[in-house]
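Take a look at the structure set out below.
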Amino acid sequence: MGVLVEDYRRIADAVAADVAAGRLRPGDRLPPQRAFARRRRIAASTAARVYGELARRGLVVGEVGRGTFVRAGAVEPALADPGGAPVDLQLNFPVLPEQSALMAASLATMLRPDVLAEALRAGGVTGTAAARAAASELLARTGWQPSPSRILFTGNGKQSLAATIAALVPVGGRLGVEALTYPVVRTICARLGITAVPLEMDEHGVVPDSVRAAAVRAVYLQPVLHNPLGVTMPPARREDVVAVLEELDLPVVEDAVYTFLSDEPPLAALAPERTVLVDSLSKRIAPGLTLGFVVPPDRFFDEIAATVRGGGWTASRFAVDAAAHHISDGTAAVVQQAKRADARARQRLVAEKLDVRADPRAYHCWWELPPPWRADTFAAAAAAEGIAVTPASAFAIGAAPNAVRLALASPPVDRLSAALDVLARIARGTPDLDS
């Protein structure tokens, strides 16, 4: 007699126990679902739910045309250097050695008692007039500058995204996202009760026809230096995407977090009446100075502002005033230019050592791995050498390609160079799943 459909979680628990006990190792391939169903004497539909549950728990990953594999688990770093800390190629928060001195000088005036007294007041979603003017200057790009009156402030970029998505898509609604996307967006959707619908991509970004076929309430896109792929939509693709959005009367959330590395114009310049641009200071300046920006068109302004207030996502007045100081005295511009040069220098290292897909302006790159490597097995092998990389499954909605993302911003350049040499050596070898 077959197992009831309701018992799929119990079967998933048994497979999870095999992973935890080492009976199933990182990189091991699970049998096809029909073969799994026969062995367990369950319906094929129950097997599909078991595999879905294992993927939801992060224990397995599906790879197009290859099957379902056990993901790499947490691996203790084993670095040979004296510091003993892993080389982090997962998180991308660039902080340059010289910028702390610049920022300290910029903030000196805030230590005056009268100025500090103002900065310690409660903040508001619209900040201050001076902060709105400064933010308008910071966010301006070729052919576009937001009106100061349309800028909202949140505690960080993630809060900007959450508030915007919550305002545009109701509970139970559908948000179109690129098939490979910023992982936090998937988490936000799950917590808000929203379905993230994958949109097909090619070498130029999202495919316009996939938006037409998705039946969604809004779309989330990263047109410039996409995370994780690093691609930037060419002008013709932007126009085609905007045409579809206008045809369907869809709003679009434009994530502009990496645009400080580029002069590309935003989608907001092409479709100002339907684009909500979101940005933050975490990468532009530093993760310790968190401040998010939302630039909505008039028709969404009040709803998003109310959602920011209701969610408790209003920025602190101190962060707003500190950011205004950094922008108005030119510190932010100096840091931005230095980071552009730093990103290009790091990409030159990558080009010398690896065969990767990369934009020379970006702080990350996308590495389509050579056979016989699989993404999660490669991540485990890198972790064993003390190097943290991110497999494609972290970004994929659905089946994941055989690739990893390398975030280049965190380690010092010399450690990055050494880590890239190690990754190149690993890629030239073959997986050792029995070690």
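In the structure tokens, chains take the letters A, B, ... in the order shown, each chain's residues start at 1, and ligands count up from 1 in the order shown.
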| field | Residue neighbourhood A:Phe153, 8 Å, only C-alpha atoms, exclusion window fewer than 6 positions, as a ChimeraX atom specification | value | /A:124-127,160,291-294,314-315,320
Grab the residues selected above and save them as a tab-separated table (two decimals), in the first residue's frame with all heavy atoms.
```
chain	number	residue	atom	x	y	z
A	124	GLY	N	11.72	60.86	9.94
A	124	GLY	CA	10.47	60.73	9.21
A	124	GLY	C	10.73	60.11	7.86
A	124	GLY	O	11.86	60.10	7.36
A	125	VAL	N	9.69	59.57	7.23
A	125	VAL	CA	9.86	58.86	5.98
A	125	VAL	C	10.35	59.78	4.85
A	125	VAL	O	11.01	59.33	3.92
A	125	VAL	CB	8.54	58.17	5.59
A	125	VAL	CG1	7.46	59.18	5.25
A	125	VAL	CG2	8.74	57.21	4.44
A	126	THR	N	10.09	61.08	4.96
A	126	THR	CA	10.55	62.01	3.92
A	126	THR	C	11.82	62.76	4.32
A	126	THR	O	12.28	63.62	3.58
A	126	THR	CB	9.45	63.03	3.58
A	126	THR	OG1	9.05	63.71	4.77
A	126	THR	CG2	8.25	62.34	2.96
A	127	GLY	N	12.41	62.42	5.47
A	127	GLY	CA	13.67	63.05	5.86
A	127	GLY	C	13.54	64.56	6.04
A	127	GLY	O	12.52	65.06	6.51
A	160	SER	N	13.62	49.09	1.85
A	160	SER	CA	13.05	49.78	0.69
A	160	SER	C	12.36	48.79	-0.24
A	160	SER	O	11.26	49.03	-0.74
A	160	SER	CB	14.14	50.54	-0.06
A	160	SER	OG	14.65	51.60	0.70
A	291	LEU	N	21.20	53.18	4.92
A	291	LEU	CA	20.13	54.10	4.57
A	291	LEU	C	19.58	53.66	3.22
A	291	LEU	O	20.34	53.40	2.28
A	291	LEU	CB	20.65	55.54	4.47
A	291	LEU	CG	19.59	56.62	4.22
A	291	LEU	CD1	18.62	56.72	5.41
A	291	LEU	CD2	20.25	57.97	3.97
A	292	GLY	N	18.27	53.53	3.13
A	292	GLY	CA	17.64	53.14	1.88
A	292	GLY	C	16.88	54.30	1.26
A	292	GLY	O	16.42	55.21	1.96
A	293	PHE	N	16.76	54.27	-0.07
A	293	PHE	CA	16.02	55.28	-0.81
A	293	PHE	C	14.93	54.61	-1.64
A	293	PHE	O	15.15	53.54	-2.22
A	293	PHE	CB	16.94	56.05	-1.77
A	293	PHE	CG	18.17	56.61	-1.13
A	293	PHE	CD1	19.39	55.93	-1.22
A	293	PHE	CD2	18.14	57.81	-0.45
A	293	PHE	CE1	20.53	56.44	-0.65
A	293	PHE	CE2	19.28	58.33	0.13
A	293	PHE	CZ	20.49	57.65	0.04
A	294	VAL	N	13.77	55.23	-1.70
A	294	VAL	CA	12.71	54.82	-2.61
A	294	VAL	C	12.28	56.05	-3.39
A	294	VAL	O	12.00	57.10	-2.79
A	294	VAL	CB	11.49	54.23	-1.87
A	294	VAL	CG1	10.47	53.70	-2.87
A	294	VAL	CG2	11.91	53.14	-0.91
A	314	THR	N	11.15	53.24	8.86
A	314	THR	CA	11.63	54.61	8.69
A	314	THR	C	13.09	54.72	9.11
A	314	THR	O	13.51	54.13	10.11
A	314	THR	CB	10.77	55.57	9.55
A	314	THR	OG1	9.40	55.41	9.19
A	314	THR	CG2	11.19	57.01	9.32
A	315	ALA	N	13.86	55.48	8.35
A	315	ALA	CA	15.28	55.65	8.64
A	315	ALA	C	15.49	56.49	9.90
A	315	ALA	O	14.65	57.33	10.25
A	315	ALA	CB	15.96	56.34	7.46
A	320	VAL	N	20.19	59.74	8.17
A	320	VAL	CA	19.79	60.66	7.11
A	320	VAL	C	20.70	61.89	7.09
A	320	VAL	O	21.18	62.31	6.03
A	320	VAL	CB	18.32	61.07	7.30
A	320	VAL	CG1	17.95	62.21	6.35
A	320	VAL	CG2	17.40	59.88	7.05
```
| field | Residue contacts of stretch 173-187 of chain A (9 Å, only C-alpha atoms) excluding same-chain residues fewer than 5 positions away, as JSON, numbers by chain | value | {"A": [158, 161, 162, 165, 192, 193, 194, 195, 196, 197, 198, 199, 200, 201, 205, 206, 211, 214, 215, 216, 217, 218, 219, 220, 221, 222, 226, 227, 228, 229, 392, 393, 394, 395, 396, 397, 398, 400]}
For the residues in the current selection, export C-alpha atoms as a tab-separated table (two decimals), in the first residue's frame.
```tsv
chain	number	residue	atom	x	y	z
A	158	LYS	CA	16.17	45.62	1.99
A	161	LEU	CA	12.44	46.63	-1.35
A	162	ALA	CA	10.10	45.09	1.23
A	165	ILE	CA	6.83	45.14	-2.94
A	192	LEU	CA	4.70	38.70	2.47
A	193	GLY	CA	2.73	35.75	1.07
A	194	ILE	CA	3.60	36.70	-2.51
A	195	THR	CA	4.57	34.25	-5.26
A	196	ALA	CA	7.85	35.06	-7.02
A	197	VAL	CA	7.33	34.13	-10.67
A	198	PRO	CA	10.55	33.50	-12.65
A	199	LEU	CA	11.00	35.50	-15.86
A	200	GLU	CA	13.14	34.08	-18.65
A	201	MET	CA	16.55	35.68	-19.20
A	205	GLY	CA	18.65	40.42	-19.29
A	206	VAL	CA	14.95	39.67	-18.92
A	211	VAL	CA	6.79	39.34	-18.77
A	214	ALA	CA	3.72	35.73	-16.46
A	215	ALA	CA	0.34	37.14	-15.29
A	216	VAL	CA	1.86	39.23	-12.46
A	217	ARG	CA	0.90	42.38	-10.54
A	218	ALA	CA	4.36	43.96	-10.73
A	219	VAL	CA	7.92	43.20	-11.87
A	220	TYR	CA	11.24	43.39	-10.01
A	221	LEU	CA	14.30	43.99	-12.23
A	222	GLN	CA	18.00	44.80	-11.96
A	226	HIS	CA	22.57	42.51	-12.49
A	227	ASN	CA	23.18	40.40	-9.39
A	228	PRO	CA	24.37	37.66	-9.91
A	229	LEU	CA	25.01	37.75	-13.67
A	392	ALA	CA	23.81	29.35	-8.53
A	393	SER	CA	21.05	27.65	-6.53
A	394	ALA	CA	21.09	30.57	-4.07
A	395	PHE	CA	19.86	32.87	-6.85
A	396	ALA	CA	17.66	30.53	-8.89
A	397	ILE	CA	13.90	30.29	-8.88
A	398	GLY	CA	13.52	26.76	-10.17
A	400	ALA	CA	19.80	26.20	-11.22
```
| message | Show me, as an MDAnalysis selection string, the residues that have an atom within 7 Å of A:Thr331 when counting only C-alpha atoms, minus same-chain residues fewer than 3 positions from it. | response | chainID A and resid 102:103 106 326:327 334:335
Write out the residues from the selection above, keeping all heavy atoms, as a compact mmCIF listing (two decimals), in the first residue's frame.
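Below you can see part_5.txt, which holds the result:
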```txt
# COMPACT_ATOMS: atom_id res chain seq x y z
N LEU A 102 38.26 59.94 5.38
CA LEU A 102 37.43 60.90 4.66
C LEU A 102 36.09 61.11 5.36
O LEU A 102 35.63 62.24 5.55
CB LEU A 102 37.17 60.41 3.23
CG LEU A 102 38.32 60.48 2.24
CD1 LEU A 102 37.95 59.73 0.95
CD2 LEU A 102 38.65 61.93 1.92
N MET A 103 35.48 60.01 5.78
CA MET A 103 34.17 60.10 6.41
C MET A 103 34.25 60.76 7.78
O MET A 103 33.36 61.50 8.18
CB MET A 103 33.55 58.71 6.52
CG MET A 103 33.21 58.11 5.16
SD MET A 103 32.72 56.37 5.24
CE MET A 103 31.16 56.52 6.13
N SER A 106 34.34 64.39 7.28
CA SER A 106 33.04 64.86 6.82
C SER A 106 32.04 65.00 7.96
O SER A 106 31.21 65.91 7.97
CB SER A 106 32.49 63.90 5.76
OG SER A 106 31.19 64.23 5.37
N HIS A 326 27.80 63.64 3.89
CA HIS A 326 28.73 62.98 2.98
C HIS A 326 28.47 63.37 1.52
O HIS A 326 29.41 63.51 0.73
CB HIS A 326 28.62 61.47 3.11
CG HIS A 326 29.18 60.93 4.39
ND1 HIS A 326 30.32 61.41 4.98
CD2 HIS A 326 28.74 59.91 5.19
CE1 HIS A 326 30.56 60.73 6.09
NE2 HIS A 326 29.62 59.82 6.24
N ILE A 327 27.21 63.56 1.18
CA ILE A 327 26.88 63.89 -0.21
C ILE A 327 27.20 65.36 -0.50
O ILE A 327 27.85 65.68 -1.49
CB ILE A 327 25.40 63.60 -0.49
CG1 ILE A 327 25.10 62.11 -0.30
CG2 ILE A 327 25.03 64.04 -1.91
CD1 ILE A 327 23.61 61.79 -0.18
N VAL A 334 33.73 61.17 -3.91
CA VAL A 334 35.11 60.70 -3.89
C VAL A 334 35.16 59.20 -3.63
O VAL A 334 35.89 58.45 -4.30
CB VAL A 334 35.92 61.46 -2.81
CG1 VAL A 334 37.31 60.84 -2.64
CG2 VAL A 334 36.06 62.93 -3.19
N VAL A 335 34.37 58.73 -2.66
CA VAL A 335 34.33 57.30 -2.36
C VAL A 335 33.81 56.52 -3.57
O VAL A 335 34.34 55.45 -3.92
CB VAL A 335 33.47 57.03 -1.12
CG1 VAL A 335 33.25 55.54 -0.92
CG2 VAL A 335 34.12 57.64 0.12
```
| task | Can you pull out every residue within 12 Å of A:Arg121, counting only C-alpha atoms, but drop anything in the same chain fewer than 4 positions away, and send it as number ranges by chain? | result | A: 114-117, 127-128, 315-321
| task | Determine which residues of stretch 147-232 of chain A DSSP labels as strand (DSSP E) from the backbone of this structure, then write them out as an MDAnalysis selection string. | result | chainID A and resid 152:154 174:178 195:199 201:202 205:206 218:221
